[in-house]
>>> print(open('data.pdb').read())   # PDB, C-alpha atoms
ATOM      1  CA  MET A   1      29.132   0.288 -11.594
ATOM      2  CA  SER A   2      31.605   0.296  -8.688
ATOM      3  CA  LYS A   3      31.522  -2.552  -6.191
ATOM      4  CA  HIS A   4      30.703  -0.020  -3.460
ATOM      5  CA  LEU A   5      27.632   1.227  -5.327
ATOM      6  CA  GLN A   6      26.560  -2.352  -6.037
ATOM      7  CA  ARG A   7      26.903  -3.175  -2.342
ATOM      8  CA  ASP A   8      24.833  -0.135  -1.349
ATOM      9  CA  LEU A   9      22.135  -0.901  -3.932
ATOM     10  CA  THR A  10      21.863  -4.457  -2.646
ATOM     11  CA  SER A  11      21.556  -3.178   0.924
ATOM     12  CA  LEU A  12      18.959  -0.628  -0.187
ATOM     13  CA  GLN A  13      16.807  -3.292  -1.809
ATOM     14  CA  ARG A  14      17.044  -5.459   1.299
ATOM     15  CA  ASP A  15      15.935  -2.546   3.497
ATOM     16  CA  LEU A  16      13.005  -1.806   1.201
ATOM     17  CA  MET A  17      11.861  -5.423   1.312
ATOM     18  CA  THR A  18      12.063  -5.398   5.116
ATOM     19  CA  LEU A  19       9.932  -2.258   5.223
ATOM     20  CA  ALA A  20       7.489  -3.784   2.744
ATOM     21  CA  ALA A  21       7.117  -6.883   4.932
ATOM     22  CA  SER A  22       6.341  -4.687   7.954
ATOM     23  CA  VAL A  23       3.730  -2.743   6.010
ATOM     24  CA  GLU A  24       2.122  -5.909   4.670
ATOM     25  CA  GLU A  25       1.930  -7.341   8.198
ATOM     26  CA  ALA A  26       0.388  -4.094   9.480
ATOM     27  CA  LEU A  27      -2.248  -4.214   6.754
ATOM     28  CA  HIS A  28      -3.056  -7.848   7.518
ATOM     29  CA  LYS A  29      -3.440  -7.123  11.245
ATOM     30  CA  ALA A  30      -5.514  -4.001  10.616
ATOM     31  CA  ILE A  31      -8.021  -5.828   8.425
ATOM     32  CA  LYS A  32      -8.138  -8.764  10.842
ATOM     33  CA  SER A  33      -8.866  -6.405  13.745
ATOM     34  CA  LEU A  34     -11.628  -4.815  11.674
ATOM     35  CA  GLU A  35     -13.215  -8.187  10.967
ATOM     36  CA  THR A  36     -12.905  -9.553  14.519
ATOM     37  CA  ARG A  37     -13.366  -6.310  16.502
ATOM     38  CA  HIS A  38     -10.048  -7.165  18.176
ATOM     39  CA  HIS A  39      -9.000  -4.024  20.053
ATOM     40  CA  ALA A  40      -5.548  -5.298  21.122
ATOM     41  CA  LEU A  41      -4.615  -6.367  17.585
ATOM     42  CA  ALA A  42      -5.589  -2.954  16.237
ATOM     43  CA  GLN A  43      -3.469  -1.311  18.922
ATOM     44  CA  GLU A  44      -0.474  -3.387  17.780
ATOM     45  CA  VAL A  45      -0.783  -1.801  14.345
ATOM     46  CA  ILE A  46      -0.961   1.695  15.801
ATOM     47  CA  ASP A  47       2.026   1.104  18.091
ATOM     48  CA  GLY A  48       4.047  -0.414  15.238
ATOM     49  CA  ASP A  49       3.702   2.588  12.950
ATOM     50  CA  ARG A  50       6.551   4.394  14.718
ATOM     51  CA  GLN A  51       9.004   1.696  13.572
ATOM     52  CA  ILE A  52       7.729   1.943  10.008
ATOM     53  CA  ASP A  53       8.323   5.705  10.112
ATOM     54  CA  GLU A  54      11.848   5.200  11.448
ATOM     55  CA  ASP A  55      12.642   2.644   8.754
ATOM     56  CA  GLU A  56      11.337   5.017   6.085
ATOM     57  CA  ASN A  57      13.600   7.793   7.389
ATOM     58  CA  HIS A  58      16.606   5.464   7.381
ATOM     59  CA  ILE A  59      16.013   4.401   3.765
ATOM     60  CA  GLU A  60      15.600   7.987   2.630
ATOM     61  CA  GLU A  61      18.860   8.952   4.324
ATOM     62  CA  GLU A  62      20.668   6.052   2.643
ATOM     63  CA  CYS A  63      19.309   7.042  -0.769
ATOM     64  CA  LEU A  64      20.499  10.615  -0.320
ATOM     65  CA  LYS A  65      23.933   9.411   0.798
ATOM     66  CA  MET A  66      24.212   7.227  -2.305
ATOM     67  CA  LEU A  67      23.293  10.118  -4.569
ATOM     68  CA  ALA A  68      25.920  12.327  -2.932
ATOM     69  CA  LEU A  69      28.738   9.789  -2.660
ATOM     70  CA  HIS A  70      28.382   7.808  -5.878
ATOM     71  CA  GLN A  71      26.815  10.395  -8.224
ATOM     72  CA  PRO A  72      25.068   7.606 -10.161
ATOM     73  CA  VAL A  73      23.870   7.965 -13.748
ATOM     74  CA  ALA A  74      21.475   6.212 -16.122
ATOM     75  CA  VAL A  75      19.787   3.097 -14.695
ATOM     76  CA  ASP A  76      21.537   3.358 -11.311
ATOM     77  CA  LEU A  77      20.212   6.874 -10.855
ATOM     78  CA  ARG A  78      16.717   5.752 -11.856
ATOM     79  CA  ARG A  79      16.909   2.853  -9.388
ATOM     80  CA  ILE A  80      17.755   5.111  -6.458
ATOM     81  CA  THR A  81      15.115   7.633  -7.511
ATOM     82  CA  ALA A  82      12.522   4.853  -7.777
ATOM     83  CA  ALA A  83      13.569   3.528  -4.369
ATOM     84  CA  LEU A  84      12.972   6.974  -2.842
ATOM     85  CA  LYS A  85       9.474   7.057  -4.310
ATOM     86  CA  ILE A  86       8.645   3.488  -3.333
ATOM     87  CA  ASN A  87       9.895   4.148   0.190
ATOM     88  CA  ALA A  88       7.440   7.030   0.535
ATOM     89  CA  GLU A  89       4.583   4.924  -0.881
ATOM     90  CA  LEU A  90       5.259   2.168   1.656
ATOM     91  CA  GLU A  91       5.299   4.615   4.552
ATOM     92  CA  ARG A  92       1.952   6.016   3.439
ATOM     93  CA  MET A  93       0.526   2.494   3.237
ATOM     94  CA  GLY A  94       1.618   2.024   6.842
ATOM     95  CA  ASP A  95      -0.216   5.208   7.806
ATOM     96  CA  LEU A  96      -3.358   3.939   6.088
ATOM     97  CA  ALA A  97      -3.107   0.579   7.866
ATOM     98  CA  GLU A  98      -2.936   2.567  11.114
ATOM     99  CA  ASP A  99      -6.027   4.516  10.050
ATOM    100  CA  ILE A 100      -7.904   1.241   9.435
ATOM    101  CA  ALA A 101      -6.827   0.005  12.872
ATOM    102  CA  GLU A 102      -8.184   3.194  14.446
ATOM    103  CA  ARG A 103     -11.520   2.591  12.709
ATOM    104  CA  ALA A 104     -11.464  -0.988  14.033
ATOM    105  CA  ILE A 105     -11.020   0.278  17.605
ATOM    106  CA  HIS A 106     -13.901   2.692  17.166
ATOM    107  CA  LEU A 107     -16.106  -0.065  15.724
ATOM    108  CA  SER A 108     -15.316  -2.309  18.693
ATOM    109  CA  THR A 109     -17.137   0.189  20.925
ATOM    110  CA  LEU A 110     -20.306   0.191  18.785
ATOM    111  CA  PRO A 111     -23.109  -2.335  18.244
ATOM    112  CA  PRO A 112     -22.024  -4.925  15.661
ATOM    113  CA  ILE A 113     -22.720  -4.224  12.004
ATOM    114  CA  PRO A 114     -22.407  -6.874   9.260
ATOM    115  CA  LEU A 115     -19.273  -6.453   7.165
ATOM    116  CA  PRO A 116     -19.956  -6.180   3.425
ATOM    117  CA  ALA A 117     -19.291  -9.542   1.781
ATOM    118  CA  LYS A 118     -17.139  -7.952  -0.898
ATOM    119  CA  LEU A 119     -14.767  -6.413   1.648
ATOM    120  CA  GLN A 120     -12.737  -9.631   1.907
ATOM    121  CA  ARG A 121     -12.424  -9.862  -1.872
ATOM    122  CA  MET A 122     -11.318  -6.220  -2.009
ATOM    123  CA  THR A 123      -8.789  -6.893   0.760
ATOM    124  CA  ASP A 124      -7.378  -9.967  -0.983
ATOM    125  CA  LEU A 125      -7.011  -8.080  -4.253
ATOM    126  CA  THR A 126      -5.359  -5.091  -2.578
ATOM    127  CA  THR A 127      -2.826  -7.180  -0.660
ATOM    128  CA  SER A 128      -2.080  -9.076  -3.872
ATOM    129  CA  MET A 129      -1.437  -5.779  -5.657
ATOM    130  CA  VAL A 130       0.970  -4.701  -2.917
ATOM    131  CA  ARG A 131       2.891  -7.977  -3.150
ATOM    132  CA  GLN A 132       2.974  -8.008  -6.950
ATOM    133  CA  SER A 133       4.081  -4.378  -7.177
ATOM    134  CA  LEU A 134       7.067  -5.172  -4.961
ATOM    135  CA  ASP A 135       7.831  -8.366  -6.897
ATOM    136  CA  SER A 136       7.849  -6.322 -10.080
ATOM    137  CA  PHE A 137      10.383  -3.971  -8.486
ATOM    138  CA  VAL A 138      12.691  -6.737  -7.282
ATOM    139  CA  ASN A 139      12.612  -8.529 -10.652
ATOM    140  CA  LEU A 140      12.257  -5.428 -12.859
ATOM    141  CA  ASP A 141       9.156  -7.096 -14.308
ATOM    142  CA  VAL A 142       7.375  -4.445 -16.371
ATOM    143  CA  ARG A 143       4.688  -6.887 -17.496
ATOM    144  CA  LEU A 144       3.721  -7.598 -13.884
ATOM    145  CA  ALA A 145       3.867  -3.881 -13.039
ATOM    146  CA  ARG A 146       1.408  -3.072 -15.821
ATOM    147  CA  THR A 147      -0.876  -5.861 -14.603
ATOM    148  CA  VAL A 148      -0.950  -4.231 -11.156
ATOM    149  CA  CYS A 149      -1.918  -0.915 -12.735
ATOM    150  CA  ARG A 150      -4.884  -2.528 -14.467
ATOM    151  CA  LEU A 151      -6.071  -4.235 -11.270
ATOM    152  CA  ASP A 152      -6.629  -0.843  -9.637
ATOM    153  CA  ASP A 153      -9.849  -0.386 -11.612
ATOM    154  CA  GLU A 154     -11.223  -3.579 -10.061
ATOM    155  CA  VAL A 155     -10.437  -2.343  -6.546
ATOM    156  CA  ASP A 156     -12.180   0.939  -7.356
ATOM    157  CA  ARG A 157     -15.233  -1.031  -8.469
ATOM    158  CA  PHE A 158     -15.309  -3.004  -5.208
ATOM    159  CA  ASN A 159     -14.933   0.241  -3.267
ATOM    160  CA  ASN A 160     -17.918   1.828  -5.009
ATOM    161  CA  GLU A 161     -20.094  -1.256  -4.550
ATOM    162  CA  ILE A 162     -19.251  -1.558  -0.845
ATOM    163  CA  ILE A 163     -19.985   2.114  -0.259
ATOM    164  CA  GLU A 164     -23.356   1.749  -1.991
ATOM    165  CA  GLU A 165     -24.137  -1.246   0.222
ATOM    166  CA  LEU A 166     -23.184   0.676   3.386
ATOM    167  CA  ILE A 167     -25.321   3.635   2.349
ATOM    168  CA  GLY A 168     -28.263   1.234   1.966
ATOM    169  CA  VAL A 169     -27.660  -0.188   5.453
ATOM    170  CA  MET A 170     -27.489   3.277   7.011
ATOM    171  CA  ARG A 171     -30.667   4.403   5.273
ATOM    172  CA  SER A 172     -32.594   1.378   6.497
ATOM    173  CA  ASN A 173     -31.193   1.500  10.035
ATOM    174  CA  PRO A 174     -30.333   4.946  11.415
ATOM    175  CA  LYS A 175     -28.751   3.320  14.488
ATOM    176  CA  ALA A 176     -26.084   1.847  12.203
ATOM    177  CA  VAL A 177     -24.962   5.212  10.815
ATOM    178  CA  GLU A 178     -21.964   5.695  13.105
ATOM    179  CA  ALA A 179     -20.637   2.184  12.494
ATOM    180  CA  GLY A 180     -21.419   2.464   8.805
ATOM    181  CA  LEU A 181     -19.393   5.640   8.498
ATOM    182  CA  SER A 182     -16.416   3.986  10.189
ATOM    183  CA  LEU A 183     -16.589   1.072   7.751
ATOM    184  CA  PHE A 184     -17.000   3.563   4.910
ATOM    185  CA  SER A 185     -13.780   5.231   6.026
ATOM    186  CA  ALA A 186     -11.883   1.933   6.422
ATOM    187  CA  THR A 187     -12.898   0.862   2.924
ATOM    188  CA  ARG A 188     -11.687   4.154   1.515
ATOM    189  CA  HIS A 189      -8.328   3.697   3.275
ATOM    190  CA  LEU A 190      -8.027   0.230   1.707
ATOM    191  CA  GLU A 191      -8.726   1.694  -1.719
ATOM    192  CA  ARG A 192      -5.979   4.250  -1.164
ATOM    193  CA  ILE A 193      -3.517   1.455  -0.335
ATOM    194  CA  ALA A 194      -4.275  -0.052  -3.745
ATOM    195  CA  ASP A 195      -3.559   3.368  -5.269
ATOM    196  CA  HIS A 196      -0.132   3.392  -3.612
ATOM    197  CA  ALA A 197       0.577  -0.123  -4.914
ATOM    198  CA  THR A 198      -0.288   1.192  -8.369
ATOM    199  CA  ASN A 199       2.119   4.083  -7.875
ATOM    200  CA  ILE A 200       4.897   1.604  -7.053
ATOM    201  CA  ALA A 201       4.114  -0.357 -10.210
ATOM    202  CA  GLU A 202       4.275   2.860 -12.247
ATOM    203  CA  ASP A 203       7.667   3.610 -10.677
ATOM    204  CA  VAL A 204       8.850   0.190 -11.871
ATOM    205  CA  VAL A 205       7.862   1.082 -15.434
ATOM    206  CA  TYR A 206       9.905   4.266 -15.062
ATOM    207  CA  LEU A 207      12.845   2.350 -13.619
ATOM    208  CA  ALA A 208      12.905  -0.249 -16.378
ATOM    209  CA  GLU A 209      11.974   1.868 -19.376
ATOM    210  CA  GLY A 210      12.622   5.468 -18.364
ATOM    211  CA  GLU A 211       8.975   6.292 -19.113
ATOM    212  CA  ILE A 212       6.919   8.327 -16.646
ATOM    213  CA  VAL A 213       3.401   6.847 -16.747
ATOM    214  CA  ARG A 214       2.003   8.171 -13.474
ATOM    215  CA  HIS A 215      -1.385   9.932 -13.797
ATOM    216  CA  ARG A 216      -1.815   8.729 -17.362
ATOM    217  CA  PHE A 217      -1.620   4.919 -17.263
ATOM    218  CA  LYS A 218      -4.415   3.565 -19.371
ATOM    219  CA  THR A 219      -4.062   0.518 -21.554
ATOM    220  CA  THR A 220      -6.258  -2.163 -23.014
ATOM    221  CA  GLU A 221      -3.467  -4.663 -23.659
ATOM    222  CA  GLY A 222      -3.710  -8.090 -22.054
ATOM    223  CA  PRO A 223      -1.745  -9.098 -18.903
TER     224      PRO A 223
END
>>> encode(input="data.pdb", output="structure tokens")
Amino acid sequence: MSKHLQRDLTSLQRDLMTLAASVEEALHKAIKSLETRHHALAQEVIDGDRQIDEDENHIEEECLKMLALHQPVAVDLRRITAALKINAELERMGDLAEDIAERAIHLSTLPPIPLPAKLQRMTDLTTSMVRQSLDSFVNLDVRLARTVCRLDDEVDRFNNEIIEELIGVMRSNPKAVEAGLSLFSATRHLERIADHATNIAEDVVYLAEGEIVRHRFKTTEGP
């Protein structure tokens, strides 16, 4: 590997981590605004999405430049390809955080509705998956990446249980339907963020082992 390619790869990883930090902060603020009915905090997330989009565009442009200038092969080519995919996953997570913030703003205009108790546990697990998927990328840790993939089933379970609880609330109290639907939507957005974290973890498996596992990752092995 040339020193110029090494320099560009290091810069690329730094840019990805900066974007990841912005997305993680947006997710944290979005969930907090949902819990506290904090309109201004939710608006911060919405306003900040433009910067996330700009950062995503910059990273994509840098990846394309590296492919054209350095013509990488083998693991270097896989690393840039994985970075392109991860970049897109992070941008989509930012969009979903914005969607949750929009639901929070809508909920702030409605009569209060109790948040499902399991929502916090689902949030904690999802944010952990996001962090671990990125750690697995930085450290090329396939074991951690596969652990993230397995955690997605647990998030799906929380999602289904929360939706069932919200349906019960809406059936028993028709006045809570509008708020319940907004929470339903926010929970679904959170579940989709976990899906994107899983996609990143699958990209790490590809990067490290050259194996494409997306859409077919199923394993019973231990963590």
>>> closest_residue(input="data.pdb", among="A:Leu27, A:Met93, A:Glu54, A:Cys63", to="A:Thr10", atoms="only C-alpha atoms")
A:Cys63
>>> closest_atom_pairs(input="data.pdb", of="stretch 29-101 of chain A", to="stretch 205-212 of chain A", cutoff="7 Å", atoms="all atoms listed in the file", output="CSV")
residue,atom,partner,partner_atom,distance
A:Arg78,CA,A:Leu207,CA,5.4
A:Arg79,CA,A:Leu207,CA,5.9
A:Ala82,CA,A:Leu207,CA,6.4
>>> closest_residue(input="data.pdb", among="A:Leu190, A:Leu19, A:Leu9, A:Val169", to="A:Glu91", atoms="all atoms listed in the file")
A:Leu19
>>> residues_around(input="data.pdb", residues="A:Leu115", least_positions_apart="3", cutoff="12 Å", atoms="only C-alpha atoms", output="list in words")
Ile31, Lys32, Leu34, Glu35, Thr36, Arg37, Ala104, Leu107, Pro112, Lys118, Leu119, Gln120, Arg121, Ile162, Ile163, Glu165, Leu166, Val169, Ala176, Ala179, Gly180, Ser182, Leu183, Phe184, Ala186 and Thr187 of chain A
>>> closest_residue(input="data.pdb", among="A:Ala30, A:Leu5, A:Val177, A:Ala88", to="A:Asp53", atoms="only C-alpha atoms")
A:Ala88
>>> resolve_selection(input="data.pdb", expression="the PyMOL selection byres ((chain A and resi 133) around 7)", output="ChimeraX atom specification")
/A:129-132,134-137,145,148,197,200-201
>>> atom_distance(input="data.pdb", atom1="atom CA of A:Leu140", atom2="atom CA of A:Leu84")
16.0 Å
>>> residues_around(input="data.pdb", residues="A:Ile59", least_positions_apart="6", cutoff="9 Å", atoms="only C-alpha atoms", output="PDB file with C-alpha atoms, keeping the file's coordinate frame")
ATOM      1  CA  LEU A  12      18.959  -0.628  -0.187  1.00  0.00           C
ATOM      2  CA  ASP A  15      15.935  -2.546   3.497  1.00  0.00           C
ATOM      3  CA  LEU A  16      13.005  -1.806   1.201  1.00  0.00           C
ATOM      4  CA  ALA A  83      13.569   3.528  -4.369  1.00  0.00           C
ATOM      5  CA  LEU A  84      12.972   6.974  -2.842  1.00  0.00           C
ATOM      6  CA  ASN A  87       9.895   4.148   0.190  1.00  0.00           C
TER       7      ASN A  87
END
>>> atom_distance(input="data.pdb", atom1="atom CA of A:Asp156", atom2="atom CA of A:Glu191")
6.7 Å
>>> atom_distance(input="data.pdb", atom1="atom CA of A:Ala117", atom2="atom CA of A:Lys29")
18.6 Å
>>> closest_residue(input="data.pdb", among="A:Gly48, A:Pro72, A:Pro116, A:Pro111", to="A:Lys175", atoms="all atoms listed in the file")
A:Pro111
>>> closest_residue(input="data.pdb", among="A:Leu144, A:Ala74, A:Met66, A:Leu110", to="A:Arg7", atoms="only C-alpha atoms")
A:Met66
>>> closest_residue(input="data.pdb", among="A:Ser128, A:Ser172, A:Gln13, A:Thr147", to="A:Ile80", atoms="only C-alpha atoms")
A:Gln13
>>> axis_aligned_box(input="data.pdb", around="stretch 117-125 of chain A", padding_each_side="5 Å", output="AutoDock Vina command-line options")
--center_x -13.2 --center_y -8.1 --center_z -1.2 --size_x 22.3 --size_y 13.7 --size_z 16.2
>>> resolve_selection(input="data.pdb", expression="the PyMOL selection byres ((chain A and resi 70) around 10)", output="list in words")
Met1, Ser2, His4, Leu5, Asp8, Lys65, Met66, Leu67, Ala68, Leu69, Gln71, Pro72, Val73, Asp76 and Leu77 of chain A
>>> decode(input="data.pdb", residues="stretch 132-163 of chain A", atoms="N, CA and C atoms", output="PDB file, in the first residue's frame")
ATOM      1  N   GLN A 132     -21.406  -0.673  18.777  1.00  0.00           N
ATOM      2  CA  GLN A 132     -20.618  -1.896  18.600  1.00  0.00           C
ATOM      3  C   GLN A 132     -20.343  -2.181  17.119  1.00  0.00           C
ATOM      4  N   SER A 133     -21.305  -1.865  16.257  1.00  0.00           N
ATOM      5  CA  SER A 133     -21.083  -2.100  14.832  1.00  0.00           C
ATOM      6  C   SER A 133     -19.929  -1.236  14.322  1.00  0.00           C
ATOM      7  N   LEU A 134     -19.848  -0.001  14.817  1.00  0.00           N
ATOM      8  CA  LEU A 134     -18.771   0.889  14.407  1.00  0.00           C
ATOM      9  C   LEU A 134     -17.437   0.471  15.037  1.00  0.00           C
ATOM     10  N   ASP A 135     -17.481   0.001  16.279  1.00  0.00           N
ATOM     11  CA  ASP A 135     -16.263  -0.518  16.910  1.00  0.00           C
ATOM     12  C   ASP A 135     -15.733  -1.716  16.131  1.00  0.00           C
ATOM     13  N   SER A 136     -16.642  -2.551  15.674  1.00  0.00           N
ATOM     14  CA  SER A 136     -16.209  -3.729  14.910  1.00  0.00           C
ATOM     15  C   SER A 136     -15.552  -3.313  13.601  1.00  0.00           C
ATOM     16  N   PHE A 137     -16.018  -2.206  13.020  1.00  0.00           N
ATOM     17  CA  PHE A 137     -15.410  -1.703  11.789  1.00  0.00           C
ATOM     18  C   PHE A 137     -14.016  -1.151  12.058  1.00  0.00           C
ATOM     19  N   VAL A 138     -13.885  -0.326  13.085  1.00  0.00           N
ATOM     20  CA  VAL A 138     -12.600   0.287  13.395  1.00  0.00           C
ATOM     21  C   VAL A 138     -11.546  -0.779  13.703  1.00  0.00           C
ATOM     22  N   ASN A 139     -11.948  -1.811  14.452  1.00  0.00           N
ATOM     23  CA  ASN A 139     -11.006  -2.832  14.913  1.00  0.00           C
ATOM     24  C   ASN A 139     -11.017  -4.100  14.054  1.00  0.00           C
ATOM     25  N   LEU A 140     -11.809  -4.093  12.987  1.00  0.00           N
ATOM     26  CA  LEU A 140     -11.978  -5.287  12.150  1.00  0.00           C
ATOM     27  C   LEU A 140     -12.274  -6.513  13.015  1.00  0.00           C
ATOM     28  N   ASP A 141     -13.235  -6.346  13.915  1.00  0.00           N
ATOM     29  CA  ASP A 141     -13.591  -7.380  14.892  1.00  0.00           C
ATOM     30  C   ASP A 141     -14.812  -8.153  14.388  1.00  0.00           C
ATOM     31  N   VAL A 142     -14.564  -9.264  13.716  1.00  0.00           N
ATOM     32  CA  VAL A 142     -15.659 -10.043  13.136  1.00  0.00           C
ATOM     33  C   VAL A 142     -16.530 -10.652  14.233  1.00  0.00           C
ATOM     34  N   ARG A 143     -15.923 -11.060  15.321  1.00  0.00           N
ATOM     35  CA  ARG A 143     -16.683 -11.653  16.423  1.00  0.00           C
ATOM     36  C   ARG A 143     -17.725 -10.666  16.962  1.00  0.00           C
ATOM     37  N   LEU A 144     -17.305  -9.418  17.144  1.00  0.00           N
ATOM     38  CA  LEU A 144     -18.227  -8.387  17.623  1.00  0.00           C
ATOM     39  C   LEU A 144     -19.287  -8.098  16.574  1.00  0.00           C
ATOM     40  N   ALA A 145     -18.895  -8.078  15.298  1.00  0.00           N
ATOM     41  CA  ALA A 145     -19.857  -7.826  14.222  1.00  0.00           C
ATOM     42  C   ALA A 145     -20.948  -8.894  14.212  1.00  0.00           C
ATOM     43  N   ARG A 146     -20.570 -10.137  14.391  1.00  0.00           N
ATOM     44  CA  ARG A 146     -21.561 -11.218  14.390  1.00  0.00           C
ATOM     45  C   ARG A 146     -22.462 -11.145  15.622  1.00  0.00           C
ATOM     46  N   THR A 147     -21.913 -10.655  16.734  1.00  0.00           N
ATOM     47  CA  THR A 147     -22.738 -10.443  17.925  1.00  0.00           C
ATOM     48  C   THR A 147     -23.825  -9.402  17.656  1.00  0.00           C
ATOM     49  N   VAL A 148     -23.451  -8.316  16.974  1.00  0.00           N
ATOM     50  CA  VAL A 148     -24.420  -7.279  16.620  1.00  0.00           C
ATOM     51  C   VAL A 148     -25.540  -7.870  15.766  1.00  0.00           C
ATOM     52  N   CYS A 149     -25.178  -8.698  14.811  1.00  0.00           N
ATOM     53  CA  CYS A 149     -26.188  -9.312  13.942  1.00  0.00           C
ATOM     54  C   CYS A 149     -27.195 -10.118  14.750  1.00  0.00           C
ATOM     55  N   ARG A 150     -26.714 -10.828  15.761  1.00  0.00           N
ATOM     56  CA  ARG A 150     -27.627 -11.644  16.566  1.00  0.00           C
ATOM     57  C   ARG A 150     -28.539 -10.794  17.455  1.00  0.00           C
ATOM     58  N   LEU A 151     -28.037  -9.626  17.877  1.00  0.00           N
ATOM     59  CA  LEU A 151     -28.840  -8.759  18.745  1.00  0.00           C
ATOM     60  C   LEU A 151     -30.067  -8.194  18.029  1.00  0.00           C
ATOM     61  N   ASP A 152     -30.054  -8.179  16.716  1.00  0.00           N
ATOM     62  CA  ASP A 152     -31.166  -7.603  15.964  1.00  0.00           C
ATOM     63  C   ASP A 152     -32.473  -8.340  16.249  1.00  0.00           C
ATOM     64  N   ASP A 153     -32.399  -9.638  16.487  1.00  0.00           N
ATOM     65  CA  ASP A 153     -33.610 -10.397  16.802  1.00  0.00           C
ATOM     66  C   ASP A 153     -34.244  -9.911  18.097  1.00  0.00           C
ATOM     67  N   GLU A 154     -33.402  -9.511  19.061  1.00  0.00           N
ATOM     68  CA  GLU A 154     -33.920  -9.028  20.340  1.00  0.00           C
ATOM     69  C   GLU A 154     -34.619  -7.679  20.163  1.00  0.00           C
ATOM     70  N   VAL A 155     -34.061  -6.818  19.334  1.00  0.00           N
ATOM     71  CA  VAL A 155     -34.713  -5.537  19.039  1.00  0.00           C
ATOM     72  C   VAL A 155     -36.054  -5.772  18.356  1.00  0.00           C
ATOM     73  N   ASP A 156     -36.091  -6.710  17.423  1.00  0.00           N
ATOM     74  CA  ASP A 156     -37.352  -7.037  16.747  1.00  0.00           C
ATOM     75  C   ASP A 156     -38.396  -7.508  17.751  1.00  0.00           C
ATOM     76  N   ARG A 157     -37.954  -8.284  18.741  1.00  0.00           N
ATOM     77  CA  ARG A 157     -38.891  -8.769  19.758  1.00  0.00           C
ATOM     78  C   ARG A 157     -39.449  -7.606  20.569  1.00  0.00           C
ATOM     79  N   PHE A 158     -38.575  -6.689  20.990  1.00  0.00           N
ATOM     80  CA  PHE A 158     -39.047  -5.504  21.720  1.00  0.00           C
ATOM     81  C   PHE A 158     -40.041  -4.711  20.865  1.00  0.00           C
ATOM     82  N   ASN A 159     -39.720  -4.547  19.597  1.00  0.00           N
ATOM     83  CA  ASN A 159     -40.585  -3.792  18.697  1.00  0.00           C
ATOM     84  C   ASN A 159     -41.980  -4.408  18.649  1.00  0.00           C
ATOM     85  N   ASN A 160     -42.052  -5.710  18.488  1.00  0.00           N
ATOM     86  CA  ASN A 160     -43.351  -6.387  18.421  1.00  0.00           C
ATOM     87  C   ASN A 160     -44.126  -6.254  19.729  1.00  0.00           C
ATOM     88  N   GLU A 161     -43.426  -6.379  20.847  1.00  0.00           N
ATOM     89  CA  GLU A 161     -44.105  -6.289  22.147  1.00  0.00           C
ATOM     90  C   GLU A 161     -44.619  -4.874  22.418  1.00  0.00           C
ATOM     91  N   ILE A 162     -43.846  -3.872  22.034  1.00  0.00           N
ATOM     92  CA  ILE A 162     -44.268  -2.481  22.227  1.00  0.00           C
ATOM     93  C   ILE A 162     -45.478  -2.169  21.351  1.00  0.00           C
ATOM     94  N   ILE A 163     -45.446  -2.637  20.121  1.00  0.00           N
ATOM     95  CA  ILE A 163     -46.574  -2.401  19.220  1.00  0.00           C
ATOM     96  C   ILE A 163     -47.842  -3.056  19.766  1.00  0.00           C
TER      97      ILE A 163
END
